Amino acid sequence: MGALLGCARAAEEFSPVDNSKKAEPYMKKTVIGVFTLWILFCAALPALAQLKKIRFSTSSIAVTELQFRIAQLKGFYRDEGLDLETILIRGAVGMQALLGGSVDYSSAAGALIAAAVRGAPVRLVLVVNARQQFELVAQPEIKAIPQLKGKLIGISSRGGAVDLLTQMILTQNGLTPNKDTTLLVIGTPEEMALALRTGRIAACLLTPPRQLMLYREGFTNLAYSGDYLSTYPSGGVGVTEEKIRTHPSEVFSFVRAGLRGLHFYRQNRSESIEIMSKHLGIKDRSLAAEVYDLHLSRLGGTSYLDEAWMRGAIEFTKKSLGVAKETAPNQVFDFSFAEKARSGIKN
């Protein structure tokens with residue numbers, strides 16, 4: 001209120017005095033217009049000042065990250081008083097940025113679980129995809145997983161979800177990773193899709209829309225990761241223990257905004273497909289609709305809130321990393337913010 005009164009006084013002092021009656025109507029309109037704009041500007045200042053800058057690392061430009069993009073476009077983060085800056089950082093690297101304080105939150109759910117299992121002070125506080133979205137895509141001439149023996153297989157980074165899931169699928173099909181096959185760090189999903197097209201690698205895990213686009217070009221669908229592991233996320237929100245301890249209200253606001261984005265995505269098919277088309281660069285409307293419907297069918301709901309789901313994700317990670325020590329769910333997950341936020345969002 002004080003700021004508004006100050007602006008009003010400043011606008012009043014600014015008002016010119018003109019004795020010319022001919023100019024009087026014009027001057028009155030000008031002064032009123034300037035005064036109105038000034039008041040509106042001053043009224044906006046407190047709201048702008050209250051926004052808190054938040055840095056959020058996402059692991060890829062993919063459908064698994066779309067709910068966060070929707071929340072940003074729809075102003076859900078701003079509604080929570082947060083000014084979101086999204087930074088693209090690959091999985092395990094994004095985890096390092098989170099631990100180092102370069103970012104406030106990370107969407108690298110797989111890398112976060114791996115870090116927590118190793119004892120890092122981090123927690124996964126939200127899961128937006130409780131089921132896997134990855135599919136193993138191969139060169140057109142490769143029709144079965146055993147044919148990958150002696151081949152190069154692309155991954156995004158060491159120790160992340162793509163790396164661990166790729167190793168699991170190979171192992172369950174009789175291939176020993178980095179012995180029968182070579183896992184090669186390629187980078188982003190875009191870079192892996194390009195590596196497939198150019199023949200640099202024989203196969204890699206990809207999420208919609210990239211694998212669907214490649215299938216149309218004749219590439220082979222070797223496996224759906226969800227058939228091998230049903231208790232593992234492909235998209236979420238991770239944060240440090242320190243952030244939870246020192247800024248719990250901020251964590252809650254961030255989680256709630258993300259859940260609102262997910263809720264909008266589920267309830268608004270047409271607009272979500274439109275946003276997806278622009279965000280992922282999908283020009284074919286029928287392909288965008290196919291991506292949306294496939295992704296929606298694999299979201300997995302709130303199964304991640306079950307202890308059995310949490311333990312399944314932990315055990316898979318421990319086995320992949322060769323970790324023997326016991327790890328309790330509360331050492332990896334803290335879904336109290338998500339449960340509280342869900343109660344306030346209409347279904």
# chains A, B, ... in the order shown; residues from 1 in each chain; ligands from 1
>>> residues_around(residues="stretch 335-341 of chain A", least_positions_apart="6", cutoff="8 Å", atoms="only C-alpha atoms", output="PDB file with all heavy atoms, in the first residue's frame")
ATOM      1  N   LEU A 124      14.187 -38.249  -3.684  1.00  0.00           N
ATOM      2  CA  LEU A 124      13.216 -38.086  -4.767  1.00  0.00           C
ATOM      3  C   LEU A 124      11.892 -37.710  -4.122  1.00  0.00           C
ATOM      4  O   LEU A 124      11.367 -38.463  -3.295  1.00  0.00           O
ATOM      5  CB  LEU A 124      13.073 -39.399  -5.550  1.00  0.00           C
ATOM      6  CG  LEU A 124      12.334 -39.311  -6.886  1.00  0.00           C
ATOM      7  CD1 LEU A 124      13.126 -38.473  -7.886  1.00  0.00           C
ATOM      8  CD2 LEU A 124      12.092 -40.707  -7.459  1.00  0.00           C
ATOM      9  N   VAL A 125      11.352 -36.541  -4.469  1.00  0.00           N
ATOM     10  CA  VAL A 125      10.152 -36.039  -3.796  1.00  0.00           C
ATOM     11  C   VAL A 125       8.904 -36.100  -4.671  1.00  0.00           C
ATOM     12  O   VAL A 125       7.792 -35.871  -4.191  1.00  0.00           O
ATOM     13  CB  VAL A 125      10.365 -34.595  -3.292  1.00  0.00           C
ATOM     14  CG1 VAL A 125      11.402 -34.555  -2.185  1.00  0.00           C
ATOM     15  CG2 VAL A 125      10.752 -33.659  -4.430  1.00  0.00           C
ATOM     16  N   LEU A 126       9.094 -36.399  -5.958  1.00  0.00           N
ATOM     17  CA  LEU A 126       7.944 -36.499  -6.864  1.00  0.00           C
ATOM     18  C   LEU A 126       8.300 -37.407  -8.027  1.00  0.00           C
ATOM     19  O   LEU A 126       9.416 -37.363  -8.541  1.00  0.00           O
ATOM     20  CB  LEU A 126       7.546 -35.117  -7.398  1.00  0.00           C
ATOM     21  CG  LEU A 126       6.420 -35.091  -8.450  1.00  0.00           C
ATOM     22  CD1 LEU A 126       5.107 -35.582  -7.838  1.00  0.00           C
ATOM     23  CD2 LEU A 126       6.249 -33.696  -9.026  1.00  0.00           C
ATOM     24  N   VAL A 251       9.966 -26.398  -1.340  1.00  0.00           N
ATOM     25  CA  VAL A 251       9.883 -27.740  -1.915  1.00  0.00           C
ATOM     26  C   VAL A 251       8.427 -28.102  -2.170  1.00  0.00           C
ATOM     27  O   VAL A 251       8.068 -28.616  -3.240  1.00  0.00           O
ATOM     28  CB  VAL A 251      10.535 -28.789  -0.994  1.00  0.00           C
ATOM     29  CG1 VAL A 251      10.352 -30.191  -1.563  1.00  0.00           C
ATOM     30  CG2 VAL A 251      12.014 -28.482  -0.814  1.00  0.00           C
ATOM     31  N   PHE A 252       7.570 -27.821  -1.211  1.00  0.00           N
ATOM     32  CA  PHE A 252       6.140 -28.108  -1.373  1.00  0.00           C
ATOM     33  C   PHE A 252       5.564 -27.338  -2.557  1.00  0.00           C
ATOM     34  O   PHE A 252       4.813 -27.893  -3.369  1.00  0.00           O
ATOM     35  CB  PHE A 252       5.383 -27.741  -0.095  1.00  0.00           C
ATOM     36  CG  PHE A 252       3.886 -27.846  -0.237  1.00  0.00           C
ATOM     37  CD1 PHE A 252       3.277 -29.087  -0.306  1.00  0.00           C
ATOM     38  CD2 PHE A 252       3.095 -26.706  -0.315  1.00  0.00           C
ATOM     39  CE1 PHE A 252       1.897 -29.190  -0.451  1.00  0.00           C
ATOM     40  CE2 PHE A 252       1.726 -26.800  -0.461  1.00  0.00           C
ATOM     41  CZ  PHE A 252       1.123 -28.045  -0.534  1.00  0.00           C
ATOM     42  N   VAL A 255       6.764 -28.885  -5.860  1.00  0.00           N
ATOM     43  CA  VAL A 255       6.085 -30.152  -6.116  1.00  0.00           C
ATOM     44  C   VAL A 255       4.638 -29.918  -6.533  1.00  0.00           C
ATOM     45  O   VAL A 255       4.141 -30.544  -7.478  1.00  0.00           O
ATOM     46  CB  VAL A 255       6.144 -31.056  -4.861  1.00  0.00           C
ATOM     47  CG1 VAL A 255       5.187 -32.248  -4.999  1.00  0.00           C
ATOM     48  CG2 VAL A 255       7.569 -31.543  -4.643  1.00  0.00           C
ATOM     49  N   ARG A 256       3.961 -29.011  -5.851  1.00  0.00           N
ATOM     50  CA  ARG A 256       2.563 -28.742  -6.186  1.00  0.00           C
ATOM     51  C   ARG A 256       2.415 -28.200  -7.605  1.00  0.00           C
ATOM     52  O   ARG A 256       1.503 -28.587  -8.340  1.00  0.00           O
ATOM     53  CB  ARG A 256       1.942 -27.761  -5.182  1.00  0.00           C
ATOM     54  CG  ARG A 256       0.475 -27.468  -5.457  1.00  0.00           C
ATOM     55  CD  ARG A 256      -0.218 -26.843  -4.263  1.00  0.00           C
ATOM     56  NE  ARG A 256       0.413 -25.595  -3.849  1.00  0.00           N
ATOM     57  CZ  ARG A 256       0.031 -24.905  -2.776  1.00  0.00           C
ATOM     58  NH1 ARG A 256      -0.974 -25.374  -2.020  1.00  0.00           N
ATOM     59  NH2 ARG A 256       0.636 -23.791  -2.431  1.00  0.00           N
ATOM     60  N   LEU A 259       2.762 -31.091  -9.995  1.00  0.00           N
ATOM     61  CA  LEU A 259       1.562 -31.929  -9.993  1.00  0.00           C
ATOM     62  C   LEU A 259       0.419 -31.263 -10.737  1.00  0.00           C
ATOM     63  O   LEU A 259      -0.365 -31.935 -11.414  1.00  0.00           O
ATOM     64  CB  LEU A 259       1.142 -32.237  -8.556  1.00  0.00           C
ATOM     65  CG  LEU A 259       1.908 -33.364  -7.860  1.00  0.00           C
ATOM     66  CD1 LEU A 259       1.499 -33.463  -6.400  1.00  0.00           C
ATOM     67  CD2 LEU A 259       1.663 -34.700  -8.568  1.00  0.00           C
ATOM     68  N   LEU A 305       3.749 -44.370  -4.646  1.00  0.00           N
ATOM     69  CA  LEU A 305       3.522 -44.116  -3.228  1.00  0.00           C
ATOM     70  C   LEU A 305       3.501 -45.413  -2.407  1.00  0.00           C
ATOM     71  O   LEU A 305       3.532 -45.368  -1.175  1.00  0.00           O
ATOM     72  CB  LEU A 305       2.201 -43.360  -3.028  1.00  0.00           C
ATOM     73  CG  LEU A 305       2.142 -41.941  -3.614  1.00  0.00           C
ATOM     74  CD1 LEU A 305       0.753 -41.356  -3.442  1.00  0.00           C
ATOM     75  CD2 LEU A 305       3.181 -41.043  -2.962  1.00  0.00           C
TER      76      LEU A 305
END
>>> select_by_dssp(residues="stretch 39-179 of chain A", states="helix (DSSP H, G or I)", output="PyMOL selection string")
chain A and resi 39-50+63-73+76-79+91-100+109-117+145-148+161-171
>>> residues_around(residues="A:Arg90", least_positions_apart="2", cutoff="8 Å", atoms="only C-alpha atoms", output="list of chain:residue names")
A:Thr58, A:Ser59, A:Ser60, A:Leu88, A:Ala92, A:Val93, A:Gly94, A:Ala108, A:Ser156, A:Ser157, A:Gly187, A:Thr188
>>> closest_residue(among="A:Ala130, A:Ala111, A:Ile54, A:Leu262", to="A:Glu80", atoms="only C-alpha atoms")
A:Ile54
>>> select_by_dssp(residues="stretch 43-287 of chain A", states="strand (DSSP E or B)", output="JSON, numbers by chain")
{"A": [52, 53, 54, 55, 56, 57, 58, 82, 83, 84, 85, 86, 87, 88, 105, 106, 122, 123, 124, 125, 126, 127, 135, 136, 137, 138, 152, 153, 154, 155, 177, 181, 182, 183, 184, 185, 203, 204, 205, 206, 220, 221, 222, 223, 224, 236, 237, 238, 239, 240]}
>>> residues_around(residues="A:Leu287", least_positions_apart="2", cutoff="10 Å", atoms="only C-alpha atoms", output="list in words")
Pro208, Pro209, Leu212, Met213, Ile273, Ser277, Ile282, Lys283, Asp284, Arg285, Ala289, Glu290, Val291, Tyr292 and Asp293 of chain A
>>> write_last_selection(atoms="all heavy atoms", output="short mmCIF file (atom, residue, chain, number, x, y, z; two decimals), in the first residue's frame")
data_model
loop_
_atom_site.label_atom_id
_atom_site.label_comp_id
_atom_site.auth_asym_id
_atom_site.auth_seq_id
_atom_site.Cartn_x
_atom_site.Cartn_y
_atom_site.Cartn_z
N PRO A 208 9.34 -41.62 -26.27
CA PRO A 208 8.56 -40.90 -27.28
C PRO A 208 8.98 -39.44 -27.35
O PRO A 208 9.30 -38.85 -26.32
CB PRO A 208 7.12 -41.03 -26.77
CG PRO A 208 7.13 -42.24 -25.89
CD PRO A 208 8.48 -42.24 -25.24
N PRO A 209 9.00 -38.84 -28.55
CA PRO A 209 8.51 -39.40 -29.82
C PRO A 209 9.58 -40.08 -30.65
O PRO A 209 9.29 -40.59 -31.73
CB PRO A 209 8.04 -38.14 -30.53
CG PRO A 209 9.05 -37.10 -30.15
CD PRO A 209 9.37 -37.40 -28.69
N LEU A 212 9.20 -43.72 -31.94
CA LEU A 212 8.09 -43.85 -32.89
C LEU A 212 8.47 -43.31 -34.26
O LEU A 212 8.07 -43.87 -35.30
CB LEU A 212 6.86 -43.13 -32.35
CG LEU A 212 6.29 -43.66 -31.03
CD1 LEU A 212 5.09 -42.82 -30.58
CD2 LEU A 212 5.91 -45.13 -31.16
N MET A 213 9.23 -42.23 -34.28
CA MET A 213 9.71 -41.67 -35.54
C MET A 213 10.66 -42.64 -36.24
O MET A 213 10.60 -42.83 -37.46
CB MET A 213 10.41 -40.33 -35.27
CG MET A 213 9.49 -39.26 -34.71
SD MET A 213 10.36 -37.80 -34.07
CE MET A 213 10.97 -37.11 -35.61
N ILE A 273 -1.43 -31.89 -26.49
CA ILE A 273 -0.84 -32.33 -27.76
C ILE A 273 -0.26 -31.15 -28.51
O ILE A 273 0.83 -31.23 -29.11
CB ILE A 273 -1.88 -33.07 -28.62
CG1 ILE A 273 -2.21 -34.43 -27.99
CG2 ILE A 273 -1.38 -33.25 -30.05
CD1 ILE A 273 -3.33 -35.18 -28.68
N SER A 277 3.64 -30.75 -29.40
CA SER A 277 4.09 -30.58 -30.78
C SER A 277 5.14 -29.48 -30.88
O SER A 277 6.17 -29.63 -31.56
CB SER A 277 2.91 -30.25 -31.70
OG SER A 277 1.97 -31.31 -31.72
N ILE A 282 7.38 -31.71 -33.08
CA ILE A 282 6.64 -32.71 -33.86
C ILE A 282 5.68 -31.99 -34.81
O ILE A 282 4.70 -31.39 -34.37
CB ILE A 282 5.85 -33.68 -32.95
CG1 ILE A 282 6.77 -34.33 -31.93
CG2 ILE A 282 5.16 -34.74 -33.79
CD1 ILE A 282 6.05 -35.19 -30.91
N LYS A 283 5.93 -32.06 -36.10
CA LYS A 283 5.09 -31.37 -37.08
C LYS A 283 3.88 -32.20 -37.49
O LYS A 283 2.86 -31.65 -37.91
CB LYS A 283 5.93 -31.01 -38.30
CG LYS A 283 7.06 -30.03 -38.00
CD LYS A 283 7.88 -29.71 -39.24
CE LYS A 283 9.00 -28.74 -38.91
NZ LYS A 283 9.84 -28.42 -40.11
N ASP A 284 4.00 -33.50 -37.37
CA ASP A 284 2.93 -34.42 -37.75
C ASP A 284 1.95 -34.54 -36.58
O ASP A 284 2.27 -35.11 -35.53
CB ASP A 284 3.52 -35.79 -38.09
CG ASP A 284 2.49 -36.76 -38.64
OD1 ASP A 284 1.29 -36.61 -38.33
OD2 ASP A 284 2.88 -37.68 -39.38
N ARG A 285 0.73 -34.02 -36.76
CA ARG A 285 -0.27 -34.03 -35.69
C ARG A 285 -0.64 -35.46 -35.28
O ARG A 285 -0.83 -35.75 -34.10
CB ARG A 285 -1.52 -33.29 -36.17
CG ARG A 285 -2.68 -33.29 -35.18
CD ARG A 285 -2.48 -32.27 -34.10
NE ARG A 285 -3.60 -32.27 -33.15
CZ ARG A 285 -3.77 -31.39 -32.18
NH1 ARG A 285 -2.88 -30.43 -32.02
NH2 ARG A 285 -4.79 -31.45 -31.37
N ALA A 289 -0.31 -37.09 -31.49
CA ALA A 289 -1.42 -37.75 -30.80
C ALA A 289 -1.04 -39.16 -30.38
O ALA A 289 -1.40 -39.62 -29.28
CB ALA A 289 -2.65 -37.79 -31.71
N GLU A 290 -0.29 -39.86 -31.22
CA GLU A 290 0.17 -41.21 -30.90
C GLU A 290 1.11 -41.18 -29.69
O GLU A 290 1.03 -42.04 -28.80
CB GLU A 290 0.89 -41.82 -32.11
CG GLU A 290 1.32 -43.25 -31.92
CD GLU A 290 2.04 -43.82 -33.13
OE1 GLU A 290 2.15 -43.12 -34.16
OE2 GLU A 290 2.51 -44.98 -33.05
N VAL A 291 2.00 -40.18 -29.67
CA VAL A 291 2.94 -40.03 -28.55
C VAL A 291 2.17 -39.78 -27.25
O VAL A 291 2.45 -40.40 -26.22
CB VAL A 291 3.92 -38.88 -28.81
CG1 VAL A 291 4.73 -38.56 -27.56
CG2 VAL A 291 4.85 -39.21 -29.97
N TYR A 292 1.19 -38.87 -27.31
CA TYR A 292 0.41 -38.52 -26.12
C TYR A 292 -0.31 -39.76 -25.56
O TYR A 292 -0.25 -40.05 -24.36
CB TYR A 292 -0.60 -37.42 -26.45
CG TYR A 292 -1.51 -37.08 -25.30
CD1 TYR A 292 -1.13 -36.14 -24.34
CD2 TYR A 292 -2.76 -37.69 -25.15
CE1 TYR A 292 -1.96 -35.82 -23.26
CE2 TYR A 292 -3.59 -37.38 -24.08
CZ TYR A 292 -3.19 -36.45 -23.14
OH TYR A 292 -4.02 -36.15 -22.08
N ASP A 293 -1.01 -40.48 -26.43
CA ASP A 293 -1.81 -41.62 -25.99
C ASP A 293 -0.92 -42.73 -25.41
O ASP A 293 -1.27 -43.35 -24.40
CB ASP A 293 -2.65 -42.16 -27.15
CG ASP A 293 -3.75 -41.18 -27.57
OD1 ASP A 293 -4.16 -40.37 -26.73
OD2 ASP A 293 -4.17 -41.23 -28.74
#
>>> residues_around(residues="A:Gly235", least_positions_apart="2", cutoff="6 Å", atoms="only C-alpha atoms", output="VMD selection string")
chain A and resid 64 107 109 128 to 129 233
